[in-house]
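query07.txt (compact mmCIF, C-alpha atoms) appears below.
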```txt
# COMPACT_ATOMS: atom_id res chain seq x y z
CA MET A 1 135.02 53.86 124.63
CA ILE A 2 136.14 51.52 127.42
CA LYS A 3 139.06 53.83 128.06
CA HIS A 4 136.66 56.74 128.54
CA ILE A 5 134.52 54.80 130.98
CA LYS A 6 137.62 53.76 132.88
CA ASN A 7 138.87 57.35 132.98
CA ILE A 8 135.55 58.63 134.23
CA THR A 9 135.25 55.95 136.91
CA ASN A 10 138.77 56.60 138.10
CA LEU A 11 138.25 60.35 138.31
CA LEU A 12 134.95 59.79 140.11
CA ARG A 13 136.66 57.46 142.56
CA LYS A 14 139.35 60.06 143.12
CA ASP A 15 136.78 62.71 143.97
CA LEU A 16 134.86 60.36 146.23
CA LEU A 17 137.99 59.26 148.08
CA LEU A 18 139.13 62.86 148.53
CA GLU A 19 135.73 63.72 149.90
CA ILE A 20 135.69 60.84 152.35
CA ARG A 21 139.21 61.54 153.55
CA GLN A 22 139.22 65.31 153.68
CA GLN A 23 135.53 65.73 154.40
CA TYR A 24 136.03 69.37 153.58
CA THR A 25 133.06 69.97 151.33
CA PHE A 26 130.84 67.39 152.92
CA TYR A 27 130.70 68.67 156.48
CA GLY A 28 130.79 72.27 155.37
CA VAL A 29 127.72 71.89 153.18
CA LEU A 30 126.00 69.71 155.77
CA LEU A 31 126.44 72.43 158.35
CA TYR A 32 125.17 75.01 155.86
CA VAL A 33 122.10 72.89 155.16
CA ALA A 34 121.30 72.39 158.83
CA ALA A 35 121.87 76.00 159.78
CA THR A 36 119.83 77.39 156.89
CA ILE A 37 116.87 75.11 157.48
CA PHE A 38 116.96 75.80 161.18
CA VAL A 39 116.93 79.57 160.64
CA LEU A 40 114.11 79.08 158.15
CA TYR A 41 112.12 77.10 160.68
CA LEU A 42 112.62 79.77 163.31
CA SER A 43 111.32 82.46 160.99
CA MET A 44 108.54 80.58 159.19
CA GLY A 45 107.32 77.97 161.64
CA GLN A 46 105.44 75.22 159.84
CA PRO A 47 104.08 76.71 156.63
CA GLU A 48 101.35 75.46 154.34
CA GLY A 49 101.92 73.23 151.31
CA PRO A 50 102.64 75.75 148.52
CA VAL A 51 104.86 77.91 150.75
CA TRP A 52 106.69 74.79 151.98
CA LYS A 53 107.28 73.74 148.39
CA GLY A 54 108.55 77.16 147.31
CA LEU A 55 110.87 77.45 150.31
CA PHE A 56 112.20 73.95 149.72
CA TRP A 57 113.29 74.69 146.17
CA MET A 58 114.86 78.03 147.13
CA ILE A 59 116.90 76.31 149.82
CA GLN A 60 117.89 73.63 147.30
CA LEU A 61 119.18 76.37 145.03
CA PHE A 62 121.41 77.89 147.69
CA ILE A 63 122.63 74.50 148.86
CA CYS A 64 123.59 73.65 145.32
CA VAL A 65 125.51 76.88 144.84
CA ASN A 66 127.48 76.18 148.00
CA ALA A 67 128.03 72.48 147.41
CA VAL A 68 129.21 72.84 143.84
CA ALA A 69 131.19 76.06 144.24
CA LYS A 70 134.12 74.26 145.73
CA SER A 71 134.38 71.60 143.05
CA PHE A 72 136.62 73.56 140.73
CA LEU A 73 137.77 76.26 143.04
CA GLN A 74 139.67 73.98 145.37
CA GLU A 75 141.91 72.19 142.88
CA GLY A 76 145.34 73.61 142.26
CA ARG A 77 146.44 74.65 138.77
CA GLY A 78 149.12 72.05 138.33
CA ARG A 79 146.82 69.26 139.40
CA LEU A 80 144.15 70.26 136.91
CA LEU A 81 146.71 70.23 134.11
CA TYR A 82 147.81 66.77 135.21
CA PHE A 83 144.26 65.44 135.07
CA TYR A 84 143.63 66.98 131.66
CA SER A 85 146.76 65.48 130.24
CA ILE A 86 146.03 61.96 131.41
CA ALA A 87 142.28 61.83 131.00
CA GLY A 88 141.26 64.58 128.60
CA ALA A 89 138.89 67.45 129.21
CA ARG A 90 135.68 65.59 128.26
CA ASP A 91 136.15 62.74 130.70
CA PHE A 92 137.07 65.23 133.38
CA ILE A 93 133.94 67.29 133.03
CA LEU A 94 131.75 64.17 132.85
CA ALA A 95 133.32 62.87 136.07
CA LYS A 96 132.75 66.25 137.74
CA LEU A 97 129.13 66.37 136.58
CA LEU A 98 128.53 62.86 137.93
CA PHE A 99 130.26 63.58 141.22
CA ASN A 100 128.37 66.81 141.83
CA GLY A 101 125.14 65.09 140.86
CA LEU A 102 125.73 62.40 143.48
CA LEU A 103 126.73 65.01 146.06
CA MET A 104 123.57 66.99 145.37
CA ILE A 105 121.39 63.88 145.63
CA LEU A 106 122.87 63.23 149.06
CA MET A 107 122.49 66.85 150.17
CA SER A 108 118.95 67.06 148.80
CA GLY A 109 118.04 63.94 150.71
CA VAL A 110 119.46 65.40 153.92
CA SER A 111 117.69 68.72 153.39
CA LEU A 112 114.40 66.93 152.65
CA ALA A 113 114.75 64.95 155.86
CA LEU A 114 115.44 68.12 157.83
CA PHE A 115 112.52 69.89 156.17
CA LEU A 116 110.14 67.08 157.07
CA PHE A 117 111.50 67.01 160.57
CA MET A 118 111.38 70.72 161.35
CA LEU A 119 108.95 72.36 158.96
CA GLY A 120 106.26 69.75 159.10
CA ASP A 121 104.98 67.23 156.60
CA PRO A 122 102.36 68.56 154.19
CA LEU A 123 103.27 65.92 151.62
CA GLY A 124 100.70 63.50 150.37
CA HIS A 125 103.13 61.25 148.55
CA VAL A 126 106.58 61.34 150.10
CA GLY A 127 107.89 58.76 147.64
CA TYR A 128 107.15 60.96 144.62
CA PHE A 129 108.75 63.92 146.30
CA VAL A 130 111.94 61.99 147.07
CA LEU A 131 112.30 61.13 143.38
CA ILE A 132 111.56 64.69 142.31
CA THR A 133 114.11 65.94 144.83
CA CYS A 134 116.79 63.71 143.35
CA LEU A 135 115.92 64.89 139.85
CA GLY A 136 115.93 68.51 140.97
CA GLY A 137 119.22 68.19 142.79
CA VAL A 138 120.91 66.69 139.74
CA SER A 139 119.41 69.32 137.40
CA LEU A 140 120.63 72.21 139.55
CA SER A 141 124.06 70.68 139.98
CA LEU A 142 124.57 70.37 136.21
CA VAL A 143 124.17 74.11 135.74
CA PHE A 144 126.44 75.10 138.57
CA THR A 145 129.17 72.59 137.75
CA PHE A 146 129.67 74.03 134.30
CA LEU A 147 129.44 77.59 135.55
CA SER A 148 131.88 76.95 138.38
CA ALA A 149 134.39 75.75 135.79
CA LEU A 150 133.88 79.07 133.99
CA ALA A 151 134.04 81.14 137.16
CA ALA A 152 137.16 79.32 138.39
CA ARG A 153 138.92 80.27 135.18
CA ALA A 154 137.85 83.86 135.63
CA GLN A 155 139.24 83.78 139.15
CA GLN A 156 136.16 85.49 140.42
CA GLY A 157 134.92 82.68 142.55
CA ALA A 158 131.57 81.80 143.94
CA ALA A 159 129.96 85.23 143.56
CA LEU A 160 130.34 85.23 139.80
CA MET A 161 129.13 81.66 139.63
CA ALA A 162 125.96 82.63 141.44
CA ILE A 163 125.39 85.64 139.15
CA LEU A 164 125.88 83.53 136.05
CA GLY A 165 123.80 80.72 137.38
CA PHE A 166 120.63 82.31 138.69
CA PRO A 167 119.03 83.20 135.35
CA VAL A 168 119.80 79.77 133.97
CA VAL A 169 118.18 77.88 136.84
CA ILE A 170 114.96 79.90 136.82
CA PRO A 171 113.26 77.70 134.17
CA GLN A 172 114.38 74.59 136.04
CA LEU A 173 113.03 75.86 139.36
CA LEU A 174 109.72 76.80 137.77
CA LEU A 175 109.42 73.35 136.19
CA LEU A 176 110.38 71.60 139.44
CA ASN A 177 107.85 73.66 141.36
CA ARG A 178 105.09 72.62 138.98
CA ILE A 179 106.15 68.99 138.91
CA SER A 180 106.23 68.78 142.72
CA THR A 181 102.52 69.54 142.97
CA ILE A 182 101.81 65.87 142.30
CA ALA A 183 103.45 65.00 145.58
CA PHE A 184 101.18 67.23 147.58
CA GLU A 185 97.63 66.35 146.74
CA ASP A 186 95.99 63.87 144.45
CA VAL A 187 95.52 66.64 141.93
CA LEU A 188 95.78 65.74 138.28
CA GLN A 189 98.74 67.82 137.20
CA GLY A 190 98.00 68.63 133.60
CA GLY A 191 100.84 67.86 131.23
CA LEU A 192 103.05 66.16 133.81
CA GLY A 193 104.70 64.05 131.13
CA TRP A 194 105.47 67.18 129.13
CA LEU A 195 106.96 68.96 132.15
CA LEU A 196 109.24 66.04 132.94
CA ALA A 197 110.25 65.76 129.29
CA ILE A 198 111.05 69.46 129.11
CA LEU A 199 113.13 69.26 132.29
CA ALA A 200 114.97 66.21 130.97
CA GLY A 201 115.54 68.01 127.65
CA LEU A 202 116.89 71.08 129.42
CA ASP A 203 119.27 68.89 131.45
CA GLY A 204 120.39 67.12 128.30
CA LEU A 205 121.06 70.44 126.60
CA LEU A 206 123.14 71.58 129.59
CA VAL A 207 125.21 68.39 129.64
CA ALA A 208 125.80 68.64 125.89
CA LEU A 209 126.86 72.28 126.21
CA ALA A 210 129.18 71.46 129.09
CA ILE A 211 130.84 68.63 127.17
CA ILE A 212 131.25 70.71 124.01
CA LEU A 213 132.40 73.94 125.63
CA PHE A 214 134.55 72.69 128.51
CA PRO A 215 137.59 71.74 126.38
CA PHE A 216 137.85 75.39 125.31
CA LEU A 217 137.88 76.50 128.92
CA TRP A 218 140.86 74.64 130.20
CA LYS A 219 143.38 75.71 127.57
CA ASP A 220 145.33 78.30 129.46
CA MET B 221 131.58 97.59 103.42
CA LEU B 222 131.52 99.13 106.86
CA ARG B 223 132.12 102.60 105.52
CA GLN B 224 129.70 102.60 102.60
CA THR B 225 126.76 104.91 102.94
CA TRP B 226 124.13 103.26 100.77
CA TRP B 227 122.86 100.88 103.38
CA LYS B 228 122.75 103.63 105.99
CA ILE B 229 120.57 105.77 103.78
CA LEU B 230 118.45 102.69 103.12
CA CYS B 231 118.14 102.19 106.86
CA VAL B 232 116.89 105.72 107.40
CA ILE B 233 114.39 105.40 104.55
CA LEU B 234 113.09 102.05 105.80
CA LEU B 235 112.69 103.26 109.37
CA ALA B 236 110.97 106.43 108.23
CA TYR B 237 108.62 104.27 106.16
CA THR B 238 108.01 102.01 109.14
CA VAL B 239 107.21 104.82 111.52
CA ILE B 240 105.01 106.76 109.09
CA ALA B 241 103.18 103.80 107.60
CA GLY B 242 103.11 102.20 111.02
CA PHE B 243 101.14 104.98 112.57
CA LEU B 244 99.13 106.17 109.57
CA GLY B 245 98.66 102.93 107.66
CA ALA B 246 95.57 100.76 107.71
CA VAL B 247 95.39 97.98 110.22
CA PRO B 248 92.76 95.26 110.68
CA ALA B 249 90.43 95.81 113.58
CA LYS B 250 91.03 92.95 116.01
CA PRO B 251 89.27 92.71 119.37
CA ILE B 252 91.20 93.70 122.48
CA VAL B 253 94.32 94.86 120.62
CA ASN B 254 92.57 97.39 118.35
CA GLU B 255 95.05 100.04 117.30
CA THR B 256 97.86 98.71 119.50
CA ILE B 257 98.49 95.99 116.91
CA ARG B 258 100.75 98.62 115.36
CA ASN B 259 103.24 97.62 118.03
CA LEU B 260 103.97 94.63 115.78
CA TYR B 261 106.27 96.90 113.84
CA PHE B 262 108.22 97.80 116.93
CA HIS B 263 108.02 95.10 119.59
CA VAL B 264 108.16 92.00 117.40
CA SER B 265 110.65 93.53 114.95
CA MET B 266 113.03 94.29 117.79
CA TRP B 267 113.02 90.68 118.91
CA MET B 268 113.65 89.52 115.34
CA ALA B 269 116.48 92.01 115.00
CA MET B 270 117.87 90.86 118.36
CA MET B 271 117.99 87.29 117.09
CA VAL B 272 119.91 88.47 114.03
CA PHE B 273 122.50 90.31 116.13
CA LEU B 274 122.92 87.56 118.68
CA THR B 275 123.36 85.03 115.87
CA VAL B 276 126.08 87.18 114.30
CA SER B 277 127.65 87.55 117.74
CA VAL B 278 127.75 83.81 118.36
CA ILE B 279 129.18 83.17 114.90
CA PHE B 280 132.06 85.51 115.71
CA ALA B 281 132.46 83.82 119.08
CA VAL B 282 132.83 80.45 117.38
CA LEU B 283 135.25 81.98 114.88
CA TYR B 284 137.30 83.36 117.76
CA LEU B 285 137.54 79.96 119.43
CA ARG B 286 138.75 78.41 116.21
CA LYS B 287 141.32 81.14 115.50
CA PRO B 288 142.05 83.66 118.25
CA LYS B 289 141.99 86.90 116.25
CA HIS B 290 141.21 89.81 118.53
CA ALA B 291 139.02 91.50 115.90
CA TYR B 292 136.60 88.55 116.10
CA ASP B 293 136.20 89.16 119.79
CA ILE B 294 135.46 92.85 119.26
CA TYR B 295 132.84 92.01 116.63
CA SER B 296 131.29 89.41 118.88
CA LEU B 297 131.09 91.76 121.86
CA GLU B 298 129.65 94.73 119.98
CA TYR B 299 126.97 92.68 118.23
CA ALA B 300 126.08 91.09 121.55
CA LYS B 301 125.75 94.55 123.11
CA VAL B 302 123.44 95.74 120.34
CA GLY B 303 121.48 92.51 120.65
CA ILE B 304 121.10 93.09 124.38
CA LEU B 305 119.97 96.67 123.74
CA PHE B 306 117.30 95.54 121.30
CA GLY B 307 116.23 92.75 123.60
CA THR B 308 115.80 95.19 126.47
CA LEU B 309 113.81 97.51 124.21
CA GLY B 310 111.75 94.49 123.19
CA ILE B 311 110.89 93.78 126.81
CA ILE B 312 110.05 97.44 127.46
CA THR B 313 107.83 97.76 124.37
CA GLY B 314 106.25 94.44 125.24
CA SER B 315 105.44 95.54 128.77
CA GLU B 316 103.91 98.74 127.46
CA TRP B 317 101.79 96.75 125.05
CA ALA B 318 100.77 94.38 127.83
CA GLY B 319 99.83 97.30 130.03
CA PHE B 320 97.13 98.28 127.54
CA THR B 321 95.96 94.92 126.28
CA TRP B 322 96.47 92.42 129.09
CA GLY B 323 95.79 94.81 131.92
CA ALA B 324 99.18 94.73 133.64
CA PHE B 325 102.70 95.58 132.63
CA TRP B 326 103.99 92.28 133.94
CA SER B 327 101.69 89.27 134.02
CA ASN B 328 104.09 86.33 134.49
CA ASP B 329 103.35 85.23 130.97
CA PRO B 330 105.79 82.41 130.00
CA LYS B 331 107.19 84.33 127.06
CA GLN B 332 107.73 87.44 129.18
CA LEU B 333 109.49 85.32 131.80
CA GLY B 334 111.52 83.50 129.17
CA ALA B 335 112.56 86.77 127.55
CA MET B 336 113.56 88.21 130.93
CA ILE B 337 115.62 85.11 131.70
CA ALA B 338 117.33 85.25 128.32
CA MET B 339 118.18 88.92 128.88
CA LEU B 340 119.49 88.21 132.38
CA ILE B 341 121.77 85.55 130.94
CA TYR B 342 123.16 88.07 128.46
CA TYR B 343 123.57 90.75 131.16
CA ALA B 344 125.58 88.17 133.09
CA TYR B 345 127.73 87.83 129.95
CA LEU B 346 128.62 91.51 130.22
CA VAL B 347 129.35 91.15 133.95
CA LEU B 348 131.56 88.14 133.26
CA ARG B 349 133.57 90.00 130.65
CA ASN B 350 134.09 92.97 132.94
CA GLY B 351 135.42 90.76 135.68
CA ILE B 352 138.38 89.35 133.78
CA PRO B 353 141.41 91.63 133.46
CA ASP B 354 143.45 89.52 131.05
CA LEU B 355 142.48 90.28 127.41
CA ASP B 356 142.94 86.84 125.87
CA LYS B 357 141.27 85.06 128.73
CA ARG B 358 138.42 87.54 128.64
CA ALA B 359 137.91 86.89 124.94
CA ARG B 360 138.06 83.13 125.31
CA LEU B 361 135.79 82.84 128.35
CA GLY B 362 133.46 85.43 126.86
CA SER B 363 133.17 83.41 123.65
CA VAL B 364 132.44 80.21 125.55
CA TYR B 365 129.74 81.89 127.62
CA ASN B 366 128.34 83.59 124.50
CA ILE B 367 127.76 80.19 122.90
CA PHE B 368 126.17 78.95 126.11
CA ALA B 369 123.91 82.00 126.36
CA PHE B 370 122.85 81.69 122.72
CA ALA B 371 121.98 78.04 123.18
CA MET B 372 119.86 79.01 126.20
CA LEU B 373 117.87 81.50 124.08
CA PHE B 374 116.05 78.69 122.32
CA PRO B 375 114.47 76.85 125.23
CA THR B 376 113.63 80.01 127.15
CA ILE B 377 112.13 82.20 124.41
CA TRP B 378 111.06 79.88 121.63
CA ILE B 379 110.35 76.43 123.02
CA LEU B 380 109.01 76.70 126.58
CA PRO B 381 106.49 79.49 125.94
CA ARG B 382 105.03 77.61 122.97
CA MET B 383 104.43 74.55 125.09
CA THR B 384 102.60 76.09 128.02
CA GLU B 385 99.49 78.18 128.15
CA SER B 386 100.40 81.72 127.35
CA LEU B 387 98.83 85.09 126.70
CA HIS B 388 101.16 85.52 123.76
CA PRO B 389 99.86 84.22 120.44
CA GLY B 390 101.20 80.76 119.92
CA GLY B 391 100.90 79.46 123.45
CA GLN B 392 99.74 75.90 124.18
CA GLY B 393 101.36 74.50 121.10
CA GLY B 394 99.67 76.74 118.57
CA ASN B 395 101.32 78.71 115.82
CA PRO B 396 102.28 82.32 116.27
CA ALA B 397 99.83 84.80 114.79
CA PHE B 398 101.89 85.25 111.64
CA ASN B 399 99.78 82.87 109.59
CA ASP B 400 96.84 85.19 109.19
CA LEU B 401 98.76 88.42 109.00
CA ASP B 402 96.94 91.09 107.07
CA PRO B 403 98.84 91.78 103.79
CA ARG B 404 98.97 95.53 104.39
CA MET B 405 100.65 94.92 107.74
CA ALA B 406 102.88 92.25 106.28
CA MET B 407 104.21 94.75 103.75
CA VAL B 408 105.21 97.30 106.35
CA TRP B 409 106.47 94.65 108.75
CA LEU B 410 108.57 92.52 106.41
CA VAL B 411 109.83 95.22 104.08
CA GLY B 412 110.12 98.16 106.43
CA ALA B 413 110.30 97.18 110.06
CA ILE B 414 112.49 94.09 110.28
CA PRO B 415 115.14 95.20 107.75
CA GLY B 416 115.01 98.76 109.09
CA TRP B 417 115.64 97.85 112.72
CA SER B 418 118.25 95.27 111.73
CA LEU B 419 120.15 97.78 109.63
CA LEU B 420 119.98 100.29 112.47
CA GLY B 421 121.51 97.78 114.84
CA VAL B 422 124.20 96.86 112.34
CA TRP B 423 124.98 100.56 111.95
CA ILE B 424 125.33 101.05 115.69
CA ALA B 425 127.45 97.91 116.02
CA THR B 426 129.75 98.75 113.13
CA LEU B 427 130.34 102.26 114.45
CA ARG B 428 131.30 100.85 117.82
CA ILE B 429 133.49 98.21 116.19
CA ARG B 430 135.31 100.80 114.14
CA LEU B 431 135.83 102.87 117.28
CA ALA B 432 137.18 99.88 119.20
CA LEU B 433 139.52 98.88 116.38
CA LEU B 434 140.82 102.44 116.13
CA ALA B 435 141.39 102.58 119.88
CA GLU B 436 143.32 99.30 119.69
CA LYS B 437 145.42 100.56 116.84
CA LYS B 438 146.21 103.75 118.72
CA LEU B 439 147.09 101.77 121.80
CA TYR B 440 149.55 99.49 120.07
CA ASN B 441 151.03 101.75 117.38
CA ILE B 442 151.93 104.77 119.41
```
Output the file's structure in the form of C-alpha cells.
Amino acid sequence: MIKHIKNITNLLRKDLLLEIRQQYTFYGVLLYVAATIFVLYLSMGQPEGPVWKGLFWMIQLFICVNAVAKSFLQEGRGRLLYFYSIAGARDFILAKLLFNGLLMILMSGVSLALFLFMLGDPLGHVGYFVLITCLGGVSLSLVFTFLSALAARAQQGAALMAILGFPVVIPQLLLLNRISTIAFEDVLQGGLGWLLAILAGLDGLLVALAIILFPFLWKD
Amino acid sequence: MLRQTWWKILCVILLAYTVIAGFLGAVPAKPIVNETIRNLYFHVSMWMAMMVFLTVSVIFAVLYLRKPKHAYDIYSLEYAKVGILFGTLGIITGSEWAGFTWGAFWSNDPKQLGAMIAMLIYYAYLVLRNGIPDLDKRARLGSVYNIFAFAMLFPTIWILPRMTESLHPGGQGGNPAFNDLDPRMAMVWLVGAIPGWSLLGVWIATLRIRLALLAEKKLYNI
C-alpha cells in the first residue's frame, strides 16, 4: 500500500518537474486558452447568463482535449516501458489521472479568470462557480486521460481521442450545466444533491474503468 | 449449433406471430398512445435485444483479453455490430413513436439523449477499430473499448433517465410501465417479440461470423 502511494507520488513529481522545466504543455495550453477566449469575446461580446454558462463549458471541453492530449502522446515507447516495469500499470494511470486533474484545475481557473475579465460577470456566487469549475475540470480530464491512453496505443492521436471522448462527456457537460445554475441566481436548483451525486458516481465509474482496463492497454 | 435450422425456423415463426398479433391483436386503450402502444413489440423489444447482443459482445471481449483467440474477437465484433444495428433501429422507431405521441420526433427527453449517447459511443468503437491496421492490436484495443462502452450503457440509458423527469415511463424515479402490462400484450411481447428479435439478431450475427471465419481460413490456408 505504502509502496503504491510512494510510486504514485514519485510519478506525479516526475510529471510536475517535467512540466515546470519543459513548459511544453503548460504554455501551449495557456496560449490556446487565451486565444480561444479572446476570439469568443470578439464574436459574442458580453452574453447573458445562460449563454455565458453554455459557452464556458464548451470552452472547458476543448481546453481539456488539448491539455490532456499530450499526456500520453509525448512519451517515448521505451520510457513508458521503463515506467511500467518499475511502478506497474495501475500506479502509472493513477498518477496520470491525478496530474491531468491538477493541470485541468489550473487551466479551468485561468479560463474562468479570463472569462470574467473579458466576457463579463453575470455570476451571483463566484465562490460556488469556482468550486464547480474545479469539479468540472477534473471530471472532463478523467475521461480524456483514459481515452488518450487508448488513442496513443492506436497511433491515431488527438483526433481519435476527441471522437471517442465527445459522446462520453455529454452526460457530464449536461450535469455540470445544470449544477452551475446555482452560481447564477438564488434559484433553488431542484435535486442539486442528486446531480452532484450522479456526477461523482460517473467520475468514480470512469476512474474504476481506467484502473481496471489500463493494464490491458500497455501490453504491447 | 450455428448451422442448425430449428432455431431459425422458430425465429421466423415468432416474428410472424409478433407482426400479425402485433397489428391485429387486442390492445388496451390508453390515453395519448392509443393504438401506437403496439410499438411496444418493436421499439422496446429492439432495445432489449440490443442489450442481449451487447452483453454477448462484451463477454467475448473479456474472453479475448484473457486468452487472445482471434475467433473471440470476430464474435465480439459481429455481435457488437448487430447490437448497434438494433440500437439504431430502436432510436428510429422511438423517434417515430415520439412524433405521434409526444408531438416531436426529438424532444430532448433524457432517455432519448442517453440512448443517442450510448449509440455514439458504440459508433466510436467501430471508428476506433477501423483506424488500427495491426490485427492483434485492433482486437485488444477494441476489446478494451468494448468493455468501456458497455459499462457506459448503464448510466446513460438505465440510470440517468430514471432519476430525472422524463417523458418516458419510469422517469423521476418511478418504475417502467411493465408492472401493469395488459396480459394479452405481455403474451405477444414476452413470447413473440423479444425472443423473435433476439433470434433474428443472433441469426444475422452468426451468418456474418461464419463468413468472417471462412474468409480467415481462406486467407491463411491458401
Fill in the blank from the handout: Pairwise distance, CA of Leu235 in chain B with CA of Arg428 in chain B, equals 20.6 Å
Practice task
Check the smallest atom-to-atom distance from each of A:Ala183, A:Leu209, A:Met44, A:Ala154 to Ala359 in chain B using all atoms listed in the file, then report the winner.
Solution key: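 Distance minimum relative to Ala359 in chain B lands on A:Ala154.
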Within 9 Å of (124.1, 65.7, 152.7) in the file's own coordinates, which protein, DNA or RNA residues have an atom, counting all atoms listed in the file? List them as a PDB file with C-alpha atoms, in the coordinates of the input.
```pdb
ATOM      1  CA  PHE A  26     130.840  67.390 152.920  1.00  0.00           C
ATOM      2  CA  TYR A  27     130.700  68.670 156.480  1.00  0.00           C
ATOM      3  CA  VAL A  29     127.720  71.890 153.180  1.00  0.00           C
ATOM      4  CA  LEU A  30     126.000  69.710 155.770  1.00  0.00           C
ATOM      5  CA  VAL A  33     122.100  72.890 155.160  1.00  0.00           C
ATOM      6  CA  LEU A 103     126.730  65.010 146.060  1.00  0.00           C
ATOM      7  CA  MET A 104     123.570  66.990 145.370  1.00  0.00           C
ATOM      8  CA  ILE A 105     121.390  63.880 145.630  1.00  0.00           C
ATOM      9  CA  LEU A 106     122.870  63.230 149.060  1.00  0.00           C
ATOM     10  CA  MET A 107     122.490  66.850 150.170  1.00  0.00           C
ATOM     11  CA  SER A 108     118.950  67.060 148.800  1.00  0.00           C
ATOM     12  CA  GLY A 109     118.040  63.940 150.710  1.00  0.00           C
ATOM     13  CA  VAL A 110     119.460  65.400 153.920  1.00  0.00           C
ATOM     14  CA  SER A 111     117.690  68.720 153.390  1.00  0.00           C
TER      15      SER A 111
END
```
Problem - Ser277 in chain B surroundings by all atoms listed in the file, 6 Å radius, close-in-sequence under 3 positions cut, as number ranges by chain - result: B: 274, 280, 296, 299-300
Next, dump the selected residues to file, keeping only C-alpha atoms, as a tab-separated table (two decimals), in the frame of the given file.
```
chain	number	residue	atom	x	y	z
B	274	LEU	CA	122.92	87.56	118.68
B	280	PHE	CA	132.06	85.51	115.71
B	296	SER	CA	131.29	89.41	118.88
B	299	TYR	CA	126.97	92.68	118.23
B	300	ALA	CA	126.08	91.09	121.55
```
Problem - At most 8 Å to chain B: residues in chain A, all atoms listed in the file, as a PyMOL selection string - result: chain A and resi 150+153-156+160+163-164+167-168+170-171+198+202+209+213+216-217+220
Could you give me range 338-352 of chain B completed to N, CA and C atoms, formatted as a PDB file, keeping the file's coordinate frame?
```
ATOM      1  N   ALA B 338     116.325  85.185 129.384  1.00  0.00           N
ATOM      2  CA  ALA B 338     117.330  85.250 128.320  1.00  0.00           C
ATOM      3  C   ALA B 338     118.142  86.539 128.428  1.00  0.00           C
ATOM      4  N   MET B 339     117.463  87.650 128.740  1.00  0.00           N
ATOM      5  CA  MET B 339     118.180  88.920 128.880  1.00  0.00           C
ATOM      6  C   MET B 339     119.098  88.907 130.089  1.00  0.00           C
ATOM      7  N   LEU B 340     118.643  88.309 131.194  1.00  0.00           N
ATOM      8  CA  LEU B 340     119.490  88.210 132.380  1.00  0.00           C
ATOM      9  C   LEU B 340     120.744  87.420 132.074  1.00  0.00           C
ATOM     10  N   ILE B 341     120.599  86.351 131.292  1.00  0.00           N
ATOM     11  CA  ILE B 341     121.770  85.550 130.940  1.00  0.00           C
ATOM     12  C   ILE B 341     122.760  86.397 130.138  1.00  0.00           C
ATOM     13  N   TYR B 342     122.242  87.229 129.227  1.00  0.00           N
ATOM     14  CA  TYR B 342     123.160  88.070 128.460  1.00  0.00           C
ATOM     15  C   TYR B 342     123.735  89.209 129.289  1.00  0.00           C
ATOM     16  N   TYR B 343     122.961  89.745 130.273  1.00  0.00           N
ATOM     17  CA  TYR B 343     123.570  90.750 131.160  1.00  0.00           C
ATOM     18  C   TYR B 343     124.719  90.126 131.933  1.00  0.00           C
ATOM     19  N   ALA B 344     124.511  88.858 132.360  1.00  0.00           N
ATOM     20  CA  ALA B 344     125.580  88.170 133.090  1.00  0.00           C
ATOM     21  C   ALA B 344     126.814  88.021 132.205  1.00  0.00           C
ATOM     22  N   TYR B 345     126.598  87.881 130.884  1.00  0.00           N
ATOM     23  CA  TYR B 345     127.730  87.830 129.950  1.00  0.00           C
ATOM     24  C   TYR B 345     128.566  89.092 130.050  1.00  0.00           C
ATOM     25  N   LEU B 346     127.878  90.252 130.113  1.00  0.00           N
ATOM     26  CA  LEU B 346     128.620  91.510 130.220  1.00  0.00           C
ATOM     27  C   LEU B 346     129.363  91.593 131.551  1.00  0.00           C
ATOM     28  N   VAL B 347     128.701  91.133 132.631  1.00  0.00           N
ATOM     29  CA  VAL B 347     129.350  91.150 133.950  1.00  0.00           C
ATOM     30  C   VAL B 347     130.576  90.250 133.941  1.00  0.00           C
ATOM     31  N   LEU B 348     130.434  89.074 133.323  1.00  0.00           N
ATOM     32  CA  LEU B 348     131.560  88.140 133.260  1.00  0.00           C
ATOM     33  C   LEU B 348     132.738  88.774 132.559  1.00  0.00           C
ATOM     34  N   ARG B 349     132.483  89.404 131.414  1.00  0.00           N
ATOM     35  CA  ARG B 349     133.570  90.000 130.650  1.00  0.00           C
ATOM     36  C   ARG B 349     134.275  91.090 131.440  1.00  0.00           C
ATOM     37  N   ASN B 350     133.473  91.877 132.182  1.00  0.00           N
ATOM     38  CA  ASN B 350     134.090  92.970 132.940  1.00  0.00           C
ATOM     39  C   ASN B 350     134.969  92.475 134.064  1.00  0.00           C
ATOM     40  N   GLY B 351     134.703  91.234 134.515  1.00  0.00           N
ATOM     41  CA  GLY B 351     135.420  90.760 135.680  1.00  0.00           C
ATOM     42  C   GLY B 351     136.767  90.127 135.390  1.00  0.00           C
ATOM     43  N   ILE B 352     137.124  90.027 134.110  1.00  0.00           N
ATOM     44  CA  ILE B 352     138.380  89.350 133.780  1.00  0.00           C
ATOM     45  C   ILE B 352     139.367  90.370 133.232  1.00  0.00           C
TER      46      ILE B 352
END
```
